[in-house]
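Participant: Have a look at this one.
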Amino acid sequence: MHHLLVTLGSHGDTHPFLAIGAKLRERGHRVTLVANGHFEPLIRAEGLEFIELGTAEEYLRHIESPDSKLFHPLHGFKAVFEIGVLPLIRRTFEIIKERYVPDEMIVTAHTIAFGARIAQEVLGVPLATIDLAPAVFRSAYDPPRFVYMEWLRRMPRPMIRGIHRLLDLAVVDPVVAGPINAFRAEFGLPPVKRIIHEWWNSPHRVIGLFPEWFAPPQIDWPGQVKLTGFPLYDERGVQPLSPELTAFLDAGAPPLAFTFGSAMTHARPQLAASVEACRLSGHRGVLLTRHRGQVPENLPAGVRHFDYAPFSELLPRCAALVHHGGIGTTAQALAAGVPQLIMPLAHDQHDNASRVRRLGVGMEIATKHYQARPVADTLAKLLGDPQMPTACRAVADRFKGHDPIGQTCDLIEQMQAELDMA
């Protein structure tokens with residue numbers, strides 16, 4: 001089969017599709033990954049075919065803009081969709097249409113790749129949608145946590161459903177429904193409402209790339225949802241630990257690692273506070289960001305900056321990970337068995353932080369409190385908790401003996417046969 005994989009977003013959105021693509025290619029399939037041009041070198045290094053969906057220049061311009069609201073707690077949703085999702089609907093559809101051969105191609109796409117969903121409606125393309133984090137699934141039984149909406153979990157279930165409906169009609173659909181329905185109308189399709197409540201899920205297959213112990217399935221999730229597990233792709237083998245980082249790790253006690261996301265370019269205050277927190281706590285530190293302009297100058301001897309490091313190699317040698325709560329970063333820390341201090345910004349990050357706290361393997365700090373002394377004090381509590389090492393080891397043990405990417409590929413491969421039998 002020819003497997004066409006479509007993803008939008010940052011490294012965190014691209015890494016899982018690289019894992020899926022590499023496994024499908026290993027199984028003998030032809031694999032083409034559709035993504036932003038910024039990720040072309042990495043995709044080709046994995047031996048996959050590549051199709052550009054948005055240029056590298058556009059990607060960097062959007063994330064580096066001083067006016068960027070991509071991670072704003074209130075405006076981030078609108079910014080992501082207006083900048084990185086809706087403008088790509090037509091091009092995504094065209095890429096699929098130009099290459100689709102019935103019974104020879106399967107499309108696996110990020111949930112927000114709406115052009116793939118429309119291709120499924122118009123062309124009958126077999127489509128699996130991929131959900132990276134549990135926050136995408138609405139539930140009145142276990143509502144995901146979003147910023148400024150912590151109170152929702154305390155509401156009666158009928159009220160939760162009503163609030164979800166109100167949010168869709170008053171907030172979500174005014175942003176996303178217009179462009180989607182305008183494009184669908186070109187094919188004679190009627191308008192759809194409540195886009196992210198149900199429509200964005202493929203009726204064929206929905207795969208959640210997280211395990212049930214992290215987010216137990218709820219009875220009001222879509223019936224076609226299957227959970228496999230965290231993909232844990234981190235460029236290991238493509239970009240190993242640098243000799244400089246290895247030497248630093250070898251030279252002293254396990255450091256604290258700090259990262260605030262691959263697409264975050266405005267974290268200079270947080271990185272400066274991190275450096276000072278290392279000084280106050282007496283810990284060494286590793287700052288991870290590809291965007292060097294936000295790294296403080298004249299770092300002390302015990303703190304070093306590195307563009308990137310595979311977490312599967314770095315984190316087992318760290319005392320703790322301080323991060324933004326992105327699902328990929330969260331999963332890597334869980335697998336490594338290291339404590340986490342999470343400063344969530346927007347999107348699914350608050351929900352991920354809550355799930356980490358429920359597992360007993362991390363703590364959370366608000367953005368407004370992310371200053372040197374509160375960070376140092378919170379890290380002292382985190383590392384001084386006598387239950388923390390046991391809880392971290394127990395969670396890390398849950399990863400043993402599982403092959404989530406293999407299971408994901410099984411579900412994708414089985415889809416064509418199941419559709420033929422339907």
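Within each chain, counting starts at residue 1; across the structure tokens, chains are named A, B, ... in the order shown, with ligands numbered 1 upward in that order.
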Enumerate the residues of region 10-180 of chain A with a DSSP assignment of helix (DSSP H, G or I), computed from the backbone, and present them as a PyMOL selection string.
Facilitator: chain A and resi 11-26+37-45+56-64+76-84+86-99+114-123+134-136+150-154+157-180
Participant: Pull C-alpha atoms from the residues just selected and write them as a short mmCIF file (atom, residue, chain, number, x, y, z; two decimals), in the first residue's frame.
Facilitator:
data_model
loop_
_atom_site.label_atom_id
_atom_site.label_comp_id
_atom_site.auth_asym_id
_atom_site.auth_seq_id
_atom_site.Cartn_x
_atom_site.Cartn_y
_atom_site.Cartn_z
CA HIS A 11 8.20 19.00 16.01
CA GLY A 12 5.81 17.62 18.62
CA ASP A 13 3.18 17.11 15.91
CA THR A 14 5.64 15.73 13.37
CA HIS A 15 7.59 13.24 15.51
CA PRO A 16 4.67 10.78 15.95
CA PHE A 17 4.11 10.62 12.20
CA LEU A 18 7.81 9.97 11.65
CA ALA A 19 7.53 7.02 14.03
CA ILE A 20 4.49 5.68 12.19
CA GLY A 21 6.05 6.28 8.78
CA ALA A 22 9.32 4.56 9.68
CA LYS A 23 7.47 1.48 10.96
CA LEU A 24 5.21 1.27 7.89
CA ARG A 25 8.23 1.58 5.59
CA GLU A 26 9.94 -1.17 7.62
CA GLY A 37 9.13 22.29 4.70
CA HIS A 38 10.92 23.03 7.96
CA PHE A 39 10.90 19.29 8.67
CA GLU A 40 12.06 18.07 5.26
CA PRO A 41 15.66 17.26 6.31
CA LEU A 42 14.47 15.17 9.25
CA ILE A 43 11.83 13.35 7.19
CA ARG A 44 14.28 12.51 4.43
CA ALA A 45 16.85 11.38 7.00
CA ALA A 56 9.95 26.58 6.25
CA GLU A 57 10.05 30.35 5.96
CA GLU A 58 6.35 30.59 6.83
CA TYR A 59 6.80 28.30 9.81
CA LEU A 60 9.66 30.32 11.28
CA ARG A 61 7.94 33.61 10.56
CA HIS A 62 4.83 32.54 12.46
CA ILE A 63 6.60 31.18 15.54
CA GLU A 64 9.19 33.97 15.72
CA GLY A 76 -3.85 30.46 21.19
CA PHE A 77 -6.70 28.39 19.75
CA LYS A 78 -7.71 31.06 17.24
CA ALA A 79 -4.10 31.84 16.33
CA VAL A 80 -3.22 28.20 15.63
CA PHE A 81 -6.23 27.64 13.41
CA GLU A 82 -6.09 30.92 11.53
CA ILE A 83 -2.33 30.71 10.91
CA GLY A 84 -1.45 27.04 10.68
CA LEU A 86 -7.34 26.75 7.86
CA PRO A 87 -5.05 28.17 5.11
CA LEU A 88 -3.83 24.62 4.36
CA ILE A 89 -7.21 22.92 3.80
CA ARG A 90 -7.29 23.28 0.01
CA ARG A 91 -3.64 22.32 -0.52
CA THR A 92 -4.02 19.24 1.70
CA PHE A 93 -7.06 18.13 -0.28
CA GLU A 94 -5.27 18.68 -3.60
CA ILE A 95 -2.22 16.68 -2.50
CA ILE A 96 -4.44 13.73 -1.65
CA LYS A 97 -6.62 14.04 -4.76
CA GLU A 98 -3.61 14.14 -7.10
CA ARG A 99 -2.21 10.90 -5.64
CA PHE A 114 -9.16 19.17 7.72
CA GLY A 115 -8.34 18.80 4.04
CA ALA A 116 -7.85 15.07 4.64
CA ARG A 117 -11.26 14.79 6.30
CA ILE A 118 -12.88 16.50 3.30
CA ALA A 119 -10.98 14.17 0.94
CA GLN A 120 -12.53 11.28 2.83
CA GLU A 121 -16.00 12.76 2.29
CA VAL A 122 -15.54 13.70 -1.37
CA LEU A 123 -13.25 10.96 -2.70
CA PRO A 134 -6.58 13.05 25.39
CA ALA A 135 -7.67 16.69 25.65
CA VAL A 136 -9.15 16.45 22.13
CA GLU A 150 -11.08 24.12 35.84
CA TRP A 151 -14.59 24.66 37.23
CA LEU A 152 -16.12 22.60 34.42
CA ARG A 153 -15.26 19.31 36.12
CA ARG A 154 -17.47 20.28 39.07
CA ARG A 157 -23.06 16.20 33.27
CA PRO A 158 -26.02 17.78 31.43
CA MET A 159 -24.57 21.21 32.15
CA ILE A 160 -21.13 20.13 30.87
CA ARG A 161 -22.72 19.00 27.60
CA GLY A 162 -24.57 22.31 27.34
CA ILE A 163 -21.39 24.29 27.94
CA HIS A 164 -19.57 22.28 25.26
CA ARG A 165 -22.40 23.06 22.82
CA LEU A 166 -22.31 26.76 23.73
CA LEU A 167 -18.53 26.90 23.29
CA ASP A 168 -18.81 25.31 19.86
CA LEU A 169 -21.52 27.65 18.63
CA ALA A 170 -20.15 30.84 20.18
CA VAL A 171 -16.36 30.34 20.06
CA VAL A 172 -15.15 27.42 17.95
CA ASP A 173 -17.40 27.37 14.90
CA PRO A 174 -17.09 31.14 14.28
CA VAL A 175 -13.35 30.52 13.80
CA VAL A 176 -13.28 27.25 11.87
CA ALA A 177 -16.67 26.49 10.32
CA GLY A 178 -16.68 29.25 7.67
CA PRO A 179 -13.60 28.16 5.69
CA ILE A 180 -14.43 24.47 6.08
#
Participant: Quick one: residues within 12 Å of region 373-375 of chain A, only C-alpha atoms, excluding same-chain residues fewer than 6 positions away - as a ChimeraX atom specification?
Facilitator: /A:256,258,270-281,322-323,341-343,363-367,381-382
Participant: What separation in Å, quoted to one decimal, exists between CA of Val338 (chain A) and CA of Arg292 (chain A)?
Facilitator: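 So the two atoms, CA of Val338 (chain A) and CA of Arg292 (chain A), lie 25.7 Å apart.
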Participant: Work out how far CA of Ala140 (chain A) is from CA of Ile219 (chain A), in Å to one decimal.
Facilitator: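 Between CA of Ile219 (chain A) and CA of Ala140 (chain A) the gap works out to 9.3 Å.
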Participant: In Å, how far is it from CA of Gly282 (chain A) to CA of Ile327 (chain A)?
Facilitator: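 Calculated distance between CA of Gly282 (chain A) and CA of Ile327 (chain A) is 28.9 Å.
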Participant: Check region 69-259 of chain A with DSSP on the backbone and list each residue it calls strand (DSSP E or B), as a ChimeraX atom specification.
Facilitator: /A:105-110,127-131,205-208,225-227,256-258
Participant: Take the residues from that selection and write them out as a PDB file, in the first residue's frame, keeping N, CA and C atoms.
Facilitator:
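File written: out_5.pdb
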ATOM      1  N   MET A 105      -4.144   3.228  -1.674  1.00  0.00           N
ATOM      2  CA  MET A 105      -3.668   4.282  -0.773  1.00  0.00           C
ATOM      3  C   MET A 105      -4.543   4.363   0.473  1.00  0.00           C
ATOM      4  N   ILE A 106      -3.884   4.575   1.597  1.00  0.00           N
ATOM      5  CA  ILE A 106      -4.530   4.883   2.869  1.00  0.00           C
ATOM      6  C   ILE A 106      -3.943   6.192   3.378  1.00  0.00           C
ATOM      7  N   VAL A 107      -4.799   7.061   3.897  1.00  0.00           N
ATOM      8  CA  VAL A 107      -4.360   8.338   4.446  1.00  0.00           C
ATOM      9  C   VAL A 107      -4.469   8.283   5.964  1.00  0.00           C
ATOM     10  N   THR A 108      -3.418   8.689   6.635  1.00  0.00           N
ATOM     11  CA  THR A 108      -3.400   8.833   8.090  1.00  0.00           C
ATOM     12  C   THR A 108      -3.040  10.279   8.390  1.00  0.00           C
ATOM     13  N   ALA A 109      -3.921  10.981   9.080  1.00  0.00           N
ATOM     14  CA  ALA A 109      -3.751  12.426   9.205  1.00  0.00           C
ATOM     15  C   ALA A 109      -3.974  12.905  10.630  1.00  0.00           C
ATOM     16  N   HIS A 110      -3.263  13.953  10.962  1.00  0.00           N
ATOM     17  CA  HIS A 110      -3.493  14.689  12.202  1.00  0.00           C
ATOM     18  C   HIS A 110      -4.953  15.154  12.216  1.00  0.00           C
ATOM     19  N   LEU A 127      -9.428   6.801   5.697  1.00  0.00           N
ATOM     20  CA  LEU A 127      -8.765   7.799   6.528  1.00  0.00           C
ATOM     21  C   LEU A 127      -8.759   7.383   7.990  1.00  0.00           C
ATOM     22  N   ALA A 128      -7.564   7.411   8.578  1.00  0.00           N
ATOM     23  CA  ALA A 128      -7.414   7.304  10.026  1.00  0.00           C
ATOM     24  C   ALA A 128      -6.970   8.663  10.544  1.00  0.00           C
ATOM     25  N   THR A 129      -7.689   9.190  11.520  1.00  0.00           N
ATOM     26  CA  THR A 129      -7.237  10.432  12.143  1.00  0.00           C
ATOM     27  C   THR A 129      -6.490  10.092  13.431  1.00  0.00           C
ATOM     28  N   ILE A 130      -5.428  10.850  13.653  1.00  0.00           N
ATOM     29  CA  ILE A 130      -4.535  10.626  14.791  1.00  0.00           C
ATOM     30  C   ILE A 130      -4.727  11.735  15.818  1.00  0.00           C
ATOM     31  N   ASP A 131      -5.002  11.351  17.046  1.00  0.00           N
ATOM     32  CA  ASP A 131      -5.093  12.297  18.156  1.00  0.00           C
ATOM     33  C   ASP A 131      -3.905  12.068  19.080  1.00  0.00           C
ATOM     34  N   ARG A 205     -11.667   5.430  11.324  1.00  0.00           N
ATOM     35  CA  ARG A 205     -10.795   5.048  12.439  1.00  0.00           C
ATOM     36  C   ARG A 205     -10.204   6.295  13.087  1.00  0.00           C
ATOM     37  N   VAL A 206     -10.203   6.299  14.412  1.00  0.00           N
ATOM     38  CA  VAL A 206      -9.559   7.345  15.196  1.00  0.00           C
ATOM     39  C   VAL A 206      -8.592   6.661  16.152  1.00  0.00           C
ATOM     40  N   ILE A 207      -7.330   7.081  16.123  1.00  0.00           N
ATOM     41  CA  ILE A 207      -6.303   6.450  16.945  1.00  0.00           C
ATOM     42  C   ILE A 207      -5.737   7.482  17.918  1.00  0.00           C
ATOM     43  N   GLY A 208      -5.824   7.181  19.191  1.00  0.00           N
ATOM     44  CA  GLY A 208      -5.217   8.026  20.214  1.00  0.00           C
ATOM     45  C   GLY A 208      -3.847   7.507  20.566  1.00  0.00           C
ATOM     46  N   VAL A 225     -12.841   5.167  18.344  1.00  0.00           N
ATOM     47  CA  VAL A 225     -11.536   5.483  18.938  1.00  0.00           C
ATOM     48  C   VAL A 225     -10.843   4.210  19.416  1.00  0.00           C
ATOM     49  N   LYS A 226      -9.574   4.082  19.060  1.00  0.00           N
ATOM     50  CA  LYS A 226      -8.709   3.024  19.570  1.00  0.00           C
ATOM     51  C   LYS A 226      -7.458   3.681  20.157  1.00  0.00           C
ATOM     52  N   LEU A 227      -7.056   3.255  21.338  1.00  0.00           N
ATOM     53  CA  LEU A 227      -5.839   3.783  21.961  1.00  0.00           C
ATOM     54  C   LEU A 227      -4.705   2.782  21.802  1.00  0.00           C
ATOM     55  N   LEU A 256      19.211  19.364  36.204  1.00  0.00           N
ATOM     56  CA  LEU A 256      17.830  19.639  35.846  1.00  0.00           C
ATOM     57  C   LEU A 256      17.791  19.965  34.350  1.00  0.00           C
ATOM     58  N   ALA A 257      16.773  19.480  33.645  1.00  0.00           N
ATOM     59  CA  ALA A 257      16.608  19.810  32.231  1.00  0.00           C
ATOM     60  C   ALA A 257      15.410  20.738  32.089  1.00  0.00           C
ATOM     61  N   PHE A 258      15.555  21.753  31.227  1.00  0.00           N
ATOM     62  CA  PHE A 258      14.505  22.743  31.016  1.00  0.00           C
ATOM     63  C   PHE A 258      14.198  22.853  29.526  1.00  0.00           C
TER      64      PHE A 258
END
Participant: Which residues are near Pro255 (chain A)? Cut-off 10 Å, only C-alpha atoms, ignore same chain within fewer than 5 positions. Put them as a PyMOL selection string.
Facilitator: chain A and resi 248-249+278+282-286+302-304+314-315+317-321
Participant: Which of these, A:Asn352, A:Met415, A:Phe50, A:Lys368, has the shortest distance to Ser202 (chain A) once you count only C-alpha atoms?
Facilitator: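 Looking only at the distances to Ser202 (chain A), the closest residue turns out to be A:Met415.
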Participant: Skipping near chain neighbours, those fewer than 6 positions away, what residues fall within 9 Å of Phe399 (chain A) using only C-alpha atoms, listed as a PyMOL selection string?
Facilitator: chain A and resi 229-230+334-335
Participant: Any chance you can output those residues with C-alpha atoms as a tab-separated table (two decimals), in the first residue's frame?
Facilitator:
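Produced file out15.tsv, reproduced below:
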chain	number	residue	atom	x	y	z
A	229	GLY	CA	0.26	4.35	23.40
A	230	PHE	CA	2.87	7.08	23.39
A	334	LEU	CA	7.06	9.38	32.09
A	335	ALA	CA	9.03	6.74	30.17
Participant: Within 10 Å of Val361 (chain A), counting only C-alpha atoms, which residues qualify if same-chain residues fewer than 5 places away don't, as a list in words?
Facilitator: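 Once the adjacent positions are removed, what remains is Ala333, Leu334, Gly337, Val338, Pro339, Gln340, Leu341, Arg355, Val356, Leu382, Asp385, Gln387, Met388, Pro389, Thr390, Ala391, Cys392, Arg393, Ala394 and Val395 of chain A.
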Participant: Return the single residue from A:Ser65, A:Glu104, A:Asn36, A:Ser262 that is closest to Val85 (chain A), with distances computed using only C-alpha atoms.
Facilitator: A:Asn36
